[in-house]
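> Here it is: the structure, laid out below.
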Amino acid sequence: MFTNRLPIAKLAGAVVALSAVIAAVMLSINWNGAEDSTAAPKIDDLLNIMIVVSSVIFAIVVVALAYALIAFRAKPGDESDGEPIHGNTRLEIAWTVIPTIIVLFAGGWSWKVLNEIEETNPRHLTVDVFSQQFAWSFAYPGKEYAYSQGVLHVPVNRQIVFKMHSQDVIHSFWVPQWRIKKDNVPGITTTAIVTPTKTGTYQLICTELCGFGHSTMRAKIIVQSESAFEKWVGGLKEKVPTPMMVSVKQDTETNPEPLERVEAE
Amino acid sequence: MVAAFTRPGWYRAVLCTVLAAAFGVGLVVLLRSISGLSAFQSEQAGYPQVVVPLILAPLGFLLGIGCFDYWLRWGFGLPTIPDDHSSHGAYSWKDYFKVNTDHKVIGVQYVVTSFIFFLIGGLLAMLIRAELAQPGTQIVGASTFNSLFSTHAVLMIFVFIIPMFAGMANYVLPLMIGAPDMAFPRLNALSYWMLPLAGIMFLASFLAPGGAFDAGWTGYAPLSTSAPLGQSFFNIGVQFAGFSSIFTALNFLVTIVTMRAPGMTFWRMPLLVWANLSTSLLVVAATPFISGAQFMVLLDRILHTNFFQFGAGGDVISYQHIFWFYSHPAVYIMILPGFGIISEVISVHARKPIFGYRLMALALIGIVVLSYSVWAHHMFVAGMFSWLRVPMMLTTLLIAVPTGIKIFSWLGTLYFGKIHTKSTAMLFALAMIVTFTIGGISGVMLGMVPFDIHVSDTYFIVAHIHFVLFGGSVFTIFAGLYHWFPKMTGRMYDERLGRIHFWGTLIGTWGTFIPMHWVGMDGMPRRVADYASQFGDWNLLISCFAFLLGAVQLIFVYNMIVSWRFGPKAPDNPWGGKSIEWLVSSPPSVFNFDEIPRVVGGPYEYGIPGARHAIMPGEGAEVPATQQTVVGS
Ligand code: HEM
Ligand SMILES: [Cu+2]
Ligand SMILES: [Cu+2]
């Protein structure tokens with residue numbers, strides 16, 4: 001076995017040390033910013049697990065390459081060949097099977113997280129999101145006159161189900177601190193679920209290229225206590241414009257999931 | 001003078017282009033007036049009087065330059081000489097500007113043309129980074145900015161990376177398998193001549209009213225179906241680029257299957273040949289999907305069909321399904337030939353057989369099969385049926401396994417070898433292993449749906465694609481160009497300049513694309529002309545590294561041009577390779593071999609005394625006994 005001729009213990013030590021350093025540095029940084037929804041910590045945990053796994057894989061590659069370059073560099077003037085080693089079945093099986101297990105583990109964990117963050121709570125609040133080049137507007141349940149442009153208010157610690165409708169091209173609804181993103185697609189209704197856990201002001205960012213105004217297509221989000229939210233909605237005077245209402249109804253026909261708002265009317 | 005316009009060549013090409021364009025305009029005017037419409041239509045998406053000539057003029061050019069002469073003569077029953085070699089081989093630089101059927105000439109034509117598009121695409125990238133160096137708008141407005149990054153990506157993908165690999169394989173693949181040429185030399189010439197047409201069309205869209213196409217390289221409907229005229233230039237240009245790569249892929253498939261030298265079994269093919277076999281399988285089955293998608297967009301725009309118009313029964317998301325059914329395989333079309341190059345370079349410069357050769361070949365085939373089943377990982381947040389996400393996540397993650405096999409086998413190949421790093425080719429190959437690993441890791445992270453929901457369409461994606469495409473594909477292209485430069489030109493390049501280019505490129509790539517991961521996760525979306533000022537410092541840093549990266553490419557250009565002209569004469573086998581392209585002269589003779597070589601062993605028989613891959617005509621015919629044994633661990 002040629003493996004006897006390699007300083008396996010030292011190499012393993014180097015991999016452990018290097019991956020520990022990389023992982024420690026990477027884990028100490030908060031990459032994704034503030035965690036202001038129930039989904040955020042779960043997604044960040046997933047990221048952290050991947051950081052650890054990836055650090056090990058990256059360290060293996062770097063250490064293996066570095067050692068090869070140190071130990072097997074040709075001496076100047078040496079024109080001879082290396083050893084005629086064509087492969088090693090056990091090693092090849094190992095680097096097929098172990099990565100398979102790792103990625104399936106990552107897949108399983110992701111699946112679990114995905115189910116958790118998309119689980120609907122019976123006590124959720126449905127809010128309609130309307131997007132058009134290059135503006136956002138929102139409609140709240142309960143009464144006809146509950147429409148706001150450019151600013152979205154939501155209650156804290158309550159699950160919000162966003163029903164999204166686009167009037168023209170595709171836009172995308174992203175709030176980094178909530179770790180939530182969903183395209184708004186003309187012709188269908190798309191859904192995103194989020195439970196904000198902190199009050200405050202956020203920015204809603206459009207992340208799907210939608211034309212020359214794409215980079216400025218933003219809206220303000222205010223997360224507040226449930227009572228403050230109720231009061232704010234109660235004070236709204238604007239009626240949902242007809243094209244928006246039409247799109248809600250039209251989209252519902254092409255969308256298998258029933259829309260509460262429309263049904264309630 | 002008249003003769004100049006009847007012979008195939010540039011005069012006739014210009015004439016036919018003009019005639020075809022005029023015919024197109026005339027046809028539109030005629031048909032429209034018959035239908036009682038105004039002769040010209042200048043709504044934003046329409047312009048049939050431009051679109052139809054845009055399809056016909058390139059066909060006129062191809063006719064004029066002489067791509068169809070032989071077939072037409074045959075079709076009209078005129079005398080033809082089946083093995084007419086009058087347009088074979090280059091005897092002066094002028095022959096590179098003619099329709100030529102020699103795979104080596106076509107290879108050089110491809111490489112040089114696509115490299116020119118790389119430089120133009122790179123220039124656009126410099127403009128993008130200049131605009132993004134600071135928040136706010138400084139250099140270009142938002143609309144122009146969208147055109148810039150769209151054309152940048154389209155040039156890099158469709159007329160640089162894909163055809164560059166096709167060109168390099170065009171040159172070395174027939175030599176490697178001991179074939180005198182490709183299976184269909186005239187088809188090969190046609191494939192090449194469509195490439196500059198596609199590139200010029202993409203660039204010409206800057207002249208269209210409303211500016212160049214600006215819906216991204218992905219051209220999502222309905223943004224693209226209602227975009228100004230420039231979008232049609234993209235729709236049509238892609239057809240020419242697409243047909244070019246489909247024809248080349250067919251050519252490679254037939255060449256590889258039918259034209260291997262005696263003794264060259266599938267398991268004796270160099271991995272570059274395996275890689276191009278896999279790539280071609282992807283191209284022939286996937287590329288028709290992007291042609292189709294762009295045709296449907298074009299029809300929606302011009303004829304008001306309703307494939308993707310949501311108000312009229314069209315389905316917006318189906319565009320993305322069709323597009324990604326091509327474009328995910330396309331990302332492997334852009335890396336598998338590079339995997340082949342790295343295998344050759346590493347094995348030759350480490351003087352070692354490839355570690356686990358068969359698993360390496362099988363991994364390529366595994367990637368081909370899997371890559372047809374992962375397209376919707378680009379659509380995790382697109383609002384498609386949600387049940388599709390988990391299956392696509394699992395296949396996406398599994399595709400990392402064959403990709404990992406490649407990395408580990410290259411590392412294994414280095415062990416107990418004699419690694420020579422004097423060649424810049426090897427430096428790029430070694431660096432690619434590490435850089436590409438990072439791109440693979442970020443790919444796996446993106447495959448995990450919950451994380452992708454957060455970073456999809458942010459700068460994290462930009463970081464991922466550049467680590468795999470720059471740190472992967474472009475590094476392999478440089479490795480291959482340095483590796484085969486002596487073979488192609490018969491000259492050696494300057495290693496000192498090569499090293500400067502290498503280190504500059506490596507530092508530039510990491511410096512530019514690593515911080516993009518961070519700003520992406522932290523909240524910066526992609527495809528924006530302006531961004532929140534909190535990201536200003538990072539973007540300035542990114543831009544500085546990007547300018548470094550751009551500048552060092554000029555060193556490469558200088559090195560290549562000057563060495564091609566004045567470099568020292570190259571020996572036939574400067575790196576001591578075993579595969580057949582190193583056993584012929586540099587550059588090879590017009591028909592490659594006087595007589596077809598005989599293959600007697602695997603392609604990487606380093607370290608086995610007396611072992612041979614191929615026996616050239618006129619050499620002793622004995623096969624060493626050691627050859628028969630496969631040496632294991
Ligand atoms: C380990 C293998 C890989 C995996 C698991 C992977 C995974 C992914 C995923 C999930 C996305 C979509 C992210 C999103 O849009 O939200 C993506 C995007 C992309 N990947 Fe990869 N990838 C891998 C390797 C590659 C390679 C080898 C290339 C090309 C050489 C490549 C090129 C791209 C490109 C161009 C995009 C962006 C497309 C766009 O939206 O413009 N990837 N990758
Ligand atoms: Cu947008
Ligand atoms: Cu993909």
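Residue numbering restarts at 1 for every chain of the structure tokens, chains are lettered A, B, ... in their displayed order, and ligands are numbered from 1 as they appear.
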Within 12 Å of ligand 2 (counting only C-alpha atoms and all ligand atoms), which residues show up? I'd like them as a PyMOL selection string.
(chain A and resi 131-136+166+168-174+182-185+204-219) or (chain B and resi 146+215+223+457-458+525-529)
> What does the file look like for those residues with N, CA and C atoms, as a CSV table (one decimal), in the first residue's frame?

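Written out: selection10.csv:
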chain,number,residue,atom,x,y,z
A,131,SER,N,-46.8,44.1,-7.2
A,131,SER,CA,-45.6,44.7,-7.7
A,131,SER,C,-45.8,45.1,-9.1
A,132,GLN,N,-45.2,46.2,-9.5
A,132,GLN,CA,-45.2,46.7,-10.8
A,132,GLN,C,-44.0,47.5,-11.0
A,133,GLN,N,-43.6,47.7,-12.3
A,133,GLN,CA,-42.4,48.5,-12.6
A,133,GLN,C,-42.6,49.9,-12.0
A,134,PHE,N,-42.0,50.4,-11.1
A,134,PHE,CA,-41.0,49.9,-10.2
A,134,PHE,C,-41.4,50.2,-8.8
A,135,ALA,N,-42.6,49.7,-8.4
A,135,ALA,CA,-43.1,50.1,-7.1
A,135,ALA,C,-43.8,48.9,-6.5
A,136,TRP,N,-43.9,49.0,-5.2
A,136,TRP,CA,-44.6,47.9,-4.4
A,136,TRP,C,-45.9,48.5,-3.7
A,166,SER,N,-47.9,40.1,-9.6
A,166,SER,CA,-47.2,41.2,-10.4
A,166,SER,C,-48.1,41.7,-11.5
A,168,ASP,N,-46.8,43.4,-14.3
A,168,ASP,CA,-46.2,43.5,-15.6
A,168,ASP,C,-45.1,42.4,-15.8
A,169,VAL,N,-43.9,42.6,-15.2
A,169,VAL,CA,-42.9,41.6,-15.4
A,169,VAL,C,-42.6,40.9,-14.1
A,170,ILE,N,-41.6,40.0,-14.1
A,170,ILE,CA,-41.3,39.3,-12.8
A,170,ILE,C,-40.5,40.3,-11.9
A,171,HIS,N,-41.0,40.3,-10.6
A,171,HIS,CA,-40.2,41.0,-9.6
A,171,HIS,C,-39.9,40.0,-8.5
A,172,SER,N,-39.1,40.3,-7.5
A,172,SER,CA,-38.9,39.4,-6.5
A,172,SER,C,-38.8,40.1,-5.1
A,173,PHE,N,-39.4,39.5,-4.2
A,173,PHE,CA,-39.7,40.1,-2.9
A,173,PHE,C,-38.6,39.6,-1.9
A,174,TRP,N,-37.7,40.4,-1.5
A,174,TRP,CA,-36.6,40.0,-0.6
A,174,TRP,C,-36.5,40.9,0.6
A,182,LYS,N,-39.2,35.6,-2.7
A,182,LYS,CA,-40.1,34.9,-3.6
A,182,LYS,C,-40.4,35.8,-4.8
A,183,ASP,N,-40.4,35.2,-6.0
A,183,ASP,CA,-40.7,35.9,-7.2
A,183,ASP,C,-42.2,36.3,-7.2
A,184,ASN,N,-42.5,37.5,-7.8
A,184,ASN,CA,-43.8,37.9,-8.1
A,184,ASN,C,-44.0,37.7,-9.6
A,185,VAL,N,-44.9,36.7,-10.0
A,185,VAL,CA,-44.9,36.3,-11.4
A,185,VAL,C,-46.2,36.8,-12.0
A,204,LEU,N,-37.5,46.4,1.8
A,204,LEU,CA,-37.9,45.4,0.9
A,204,LEU,C,-37.2,45.6,-0.4
A,205,ILE,N,-36.5,44.6,-0.9
A,205,ILE,CA,-35.6,44.8,-2.1
A,205,ILE,C,-36.1,43.9,-3.2
A,206,CYS,N,-36.2,44.5,-4.4
A,206,CYS,CA,-36.5,43.7,-5.6
A,206,CYS,C,-35.3,43.0,-6.1
A,207,THR,N,-35.3,41.7,-6.2
A,207,THR,CA,-34.1,41.0,-6.6
A,207,THR,C,-34.3,40.3,-8.0
A,208,GLU,N,-35.3,40.6,-8.7
A,208,GLU,CA,-35.4,40.0,-10.1
A,208,GLU,C,-35.3,41.2,-11.0
A,209,LEU,N,-34.4,41.1,-12.0
A,209,LEU,CA,-34.2,42.2,-13.0
A,209,LEU,C,-35.6,42.5,-13.6
A,210,CYS,N,-36.0,43.8,-13.5
A,210,CYS,CA,-37.3,44.1,-14.0
A,210,CYS,C,-37.3,45.3,-14.9
A,211,GLY,N,-36.1,45.8,-15.3
A,211,GLY,CA,-36.0,47.0,-16.1
A,211,GLY,C,-35.1,48.0,-15.6
A,212,PHE,N,-35.1,49.2,-16.2
A,212,PHE,CA,-34.1,50.2,-15.8
A,212,PHE,C,-34.2,50.6,-14.3
A,213,GLY,N,-35.4,50.5,-13.8
A,213,GLY,CA,-35.6,51.0,-12.4
A,213,GLY,C,-35.4,49.9,-11.3
A,214,HIS,N,-34.9,48.8,-11.8
A,214,HIS,CA,-34.7,47.6,-10.9
A,214,HIS,C,-34.0,47.9,-9.6
A,215,SER,N,-32.8,48.6,-9.7
A,215,SER,CA,-32.0,48.8,-8.5
A,215,SER,C,-32.7,49.8,-7.5
A,216,THR,N,-33.7,50.5,-8.0
A,216,THR,CA,-34.3,51.5,-7.1
A,216,THR,C,-35.7,51.0,-6.6
A,217,MET,N,-36.0,49.8,-7.0
A,217,MET,CA,-37.4,49.3,-6.6
A,217,MET,C,-37.3,48.7,-5.2
A,218,ARG,N,-37.6,49.6,-4.3
A,218,ARG,CA,-37.5,49.3,-2.8
A,218,ARG,C,-38.8,49.7,-2.2
A,219,ALA,N,-39.1,49.2,-1.0
A,219,ALA,CA,-40.2,49.7,-0.2
A,219,ALA,C,-39.8,49.6,1.3
B,146,ASN,N,-27.8,47.9,-17.6
B,146,ASN,CA,-28.5,46.6,-17.9
B,146,ASN,C,-28.0,46.0,-19.2
B,215,ALA,N,-32.1,42.3,-20.8
B,215,ALA,CA,-32.9,41.5,-19.9
B,215,ALA,C,-32.0,40.4,-19.3
B,223,LEU,N,-40.1,40.2,-19.4
B,223,LEU,CA,-39.3,41.4,-19.6
B,223,LEU,C,-38.7,41.3,-21.1
B,457,ASP,N,-30.3,35.3,-6.6
B,457,ASP,CA,-30.3,36.6,-7.2
B,457,ASP,C,-29.6,37.7,-6.4
B,458,THR,N,-28.6,37.3,-5.7
B,458,THR,CA,-27.8,38.3,-5.0
B,458,THR,C,-26.3,38.2,-5.5
B,525,PRO,N,-28.3,42.8,-3.8
B,525,PRO,CA,-28.9,42.0,-5.0
B,525,PRO,C,-28.0,42.1,-6.2
B,526,ARG,N,-28.2,41.2,-7.1
B,526,ARG,CA,-27.4,41.2,-8.3
B,526,ARG,C,-28.1,42.1,-9.4
B,527,ARG,N,-27.4,42.4,-10.5
B,527,ARG,CA,-27.9,43.1,-11.6
B,527,ARG,C,-28.5,44.5,-11.3
B,528,VAL,N,-27.8,45.2,-10.4
B,528,VAL,CA,-28.2,46.5,-10.0
B,528,VAL,C,-27.1,47.5,-10.4
B,529,ALA,N,-27.6,48.6,-10.9
B,529,ALA,CA,-26.7,49.7,-11.3
B,529,ALA,C,-26.3,50.5,-10.1
> Mind listing the residues within 10 Å of ligand 3, only C-alpha atoms and all ligand atoms counted, as a PyMOL selection string?
chain B and resi 324-332+371-379+396+443+446-447+465
> Residues near stretch 417-423 of chain B, anyone? I mean within 9 Å using only C-alpha atoms, not counting same-chain ones fewer than 5 positions away, as a tab-separated table (two decimals) with C-alpha atoms, in the first residue's frame.

chain	number	residue	atom	x	y	z
A	68	ALA	CA	2.11	17.02	-3.13
A	69	LEU	CA	3.86	20.20	-4.26
A	72	PHE	CA	6.75	15.35	-5.24
A	73	ARG	CA	8.25	18.36	-6.97
A	74	ALA	CA	10.72	17.23	-9.63
A	75	LYS	CA	14.33	18.10	-8.80
A	76	PRO	CA	15.87	20.43	-11.37
A	78	ASP	CA	15.17	15.29	-13.27
A	79	GLU	CA	13.46	14.16	-16.45
A	80	SER	CA	12.30	10.77	-15.19
A	81	ASP	CA	8.68	9.77	-14.77
A	82	GLY	CA	6.65	9.33	-11.61
A	83	GLU	CA	5.55	5.96	-10.35
A	84	PRO	CA	3.10	4.09	-12.56
B	346	ILE	CA	-1.73	17.46	-14.78
B	347	SER	CA	-0.80	14.04	-16.05
B	348	VAL	CA	1.87	15.33	-18.44
B	349	HIS	CA	3.45	17.80	-16.04
B	350	ALA	CA	3.34	15.44	-13.05
B	351	ARG	CA	4.67	12.62	-15.23
B	352	LYS	CA	2.09	10.27	-13.78
B	353	PRO	CA	-0.83	8.22	-15.09
B	482	TYR	CA	-0.25	27.51	-22.75
B	483	HIS	CA	-0.04	23.72	-22.97
B	495	GLU	CA	7.38	31.58	-19.31
B	498	GLY	CA	3.33	33.58	-18.36
B	499	ARG	CA	4.08	33.56	-14.65
B	575	TRP	CA	6.52	18.63	-22.21
> Would you return as an MDAnalysis selection string the members of stretch 85-197 of chain A that DSSP assigns to strand (DSSP E) on this structure's backbone?
chainID A and resid 125:132 135:139 147:149 151:155 160:166 171:175 180:184 190:194
> May I have the residues within 10 Å of B:Thr287 as a list of chain:residue names, using only C-alpha atoms and disregarding those fewer than 3 positions away in the same chain?
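Counting only C-alpha atoms, the residues come to B:Val238, B:Gln239, B:Ala241, B:Gly242, B:Phe243, B:Ser245, B:Ile246, B:Leu282, B:Val283, B:Val284, B:Ile290, B:Ser291, B:Gly292, B:Phe323, B:Phe325, B:Tyr326, B:Ser327, B:Pro329, B:Ala330, B:Ile333.
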> Using only C-alpha atoms, determine which residues lie at most 10 Å from stretch 14-22 of chain A, disregarding the query and same-chain residues fewer than 4 positions distant; provide the list as a ChimeraX atom specification.
/A:8-10,26-27,51-64
> I need the chosen residues saved as a compact mmCIF listing (two decimals), in the first residue's frame, with C-alpha atoms.

# COMPACT_ATOMS: atom_id res chain seq x y z
CA ILE A 8 -0.84 10.19 7.10
CA ALA A 9 -0.95 11.28 10.73
CA LYS A 10 0.80 14.56 10.02
CA MET A 26 -15.88 31.79 9.33
CA LEU A 27 -18.24 30.90 12.17
CA ILE A 51 -19.31 26.10 6.83
CA VAL A 52 -17.89 23.38 9.05
CA VAL A 53 -18.27 20.63 6.43
CA SER A 54 -16.89 22.86 3.67
CA SER A 55 -13.93 23.93 5.78
CA VAL A 56 -12.93 20.30 6.17
CA ILE A 57 -13.30 19.59 2.45
CA PHE A 58 -11.44 22.73 1.49
CA ALA A 59 -8.68 21.94 4.00
CA ILE A 60 -8.33 18.42 2.59
CA VAL A 61 -7.88 19.80 -0.92
CA VAL A 62 -5.42 22.49 0.14
CA VAL A 63 -3.34 20.25 2.38
CA ALA A 64 -3.28 17.46 -0.20
> Show me, as a ChimeraX atom specification, the residues that have an atom within 10 Å of A:Lys42 when counting only C-alpha atoms, minus same-chain residues fewer than 5 positions from it.
/A:35,37,47-48,110,112-114,116-117,179 /B:450-451
> Neighbouring residues of A:Ile93 were defined as those with any atom within 10 Å, considering only C-alpha atoms; residues of the same chain fewer than 5 positions away were excluded. Please report them as a PyMOL selection string.
(chain A and resi 88+98) or (chain B and resi 359+405)
> Could you please determine the separation between atom CA of B:Ile256 and atom CA of B:Val273 in Å, to one decimal place?
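Distance between the two atoms: 7.5 Å.
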> What's the separation between atom CA of B:Gly66 and atom CA of B:Asn251, in Å to one decimal place?
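Calculated distance between atom CA of B:Gly66 and atom CA of B:Asn251 is 19.4 Å.
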> Name the residues of stretch 13-78 of chain A that fall into helix (DSSP H, G or I) according to DSSP on the backbone, using the chain letters and numbers of this document, as JSON, numbers by chain.
{"A": [13, 14, 15, 16, 17, 18, 19, 20, 21, 22, 23, 24, 25, 26, 27, 39, 40, 41, 42, 43, 44, 45, 46, 47, 48, 49, 50, 51, 52, 53, 54, 55, 56, 57, 58, 59, 60, 61, 62, 63, 64, 65, 66, 67, 68, 69, 70, 71]}
> So how far away is atom CA of A:Ile102 from atom CA of A:Thr89, in Å?
20.1 Å
> Choose the residue, out of A:Leu46, A:Val103, A:Ala192, A:Val127, that has the smallest atom-to-atom separation from ligand 1; count only C-alpha atoms and all ligand atoms.
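Checking each of A:Leu46, A:Val103, A:Ala192, A:Val127 against ligand 1, counting only C-alpha atoms and all ligand atoms, the winner is A:Val103.
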> With distances taken over only C-alpha atoms, which residue among B:Phe436, B:Gly480, B:Val455, B:Ala431 lies nearest B:Ile507?
B:Ala431
> When you count only C-alpha atoms, which of these residues is closest to chain A: B:Ala363, B:Met201, B:Ile81, B:Met176?
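Closest candidate: B:Ala363.
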> I'd like to know which of B:Ala611, B:Ile580, B:Ala3, B:Ala39 is closest to B:Ala261, using only C-alpha atoms.
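The answer is B:Ile580, which sits nearest to B:Ala261.
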> So which one's closest to chain B, A:Leu65, A:Ala24, A:Ile29, A:Val240? Using only C-alpha atoms, please.
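Among the listed residues, the smallest separation from chain B belongs to A:Leu65.
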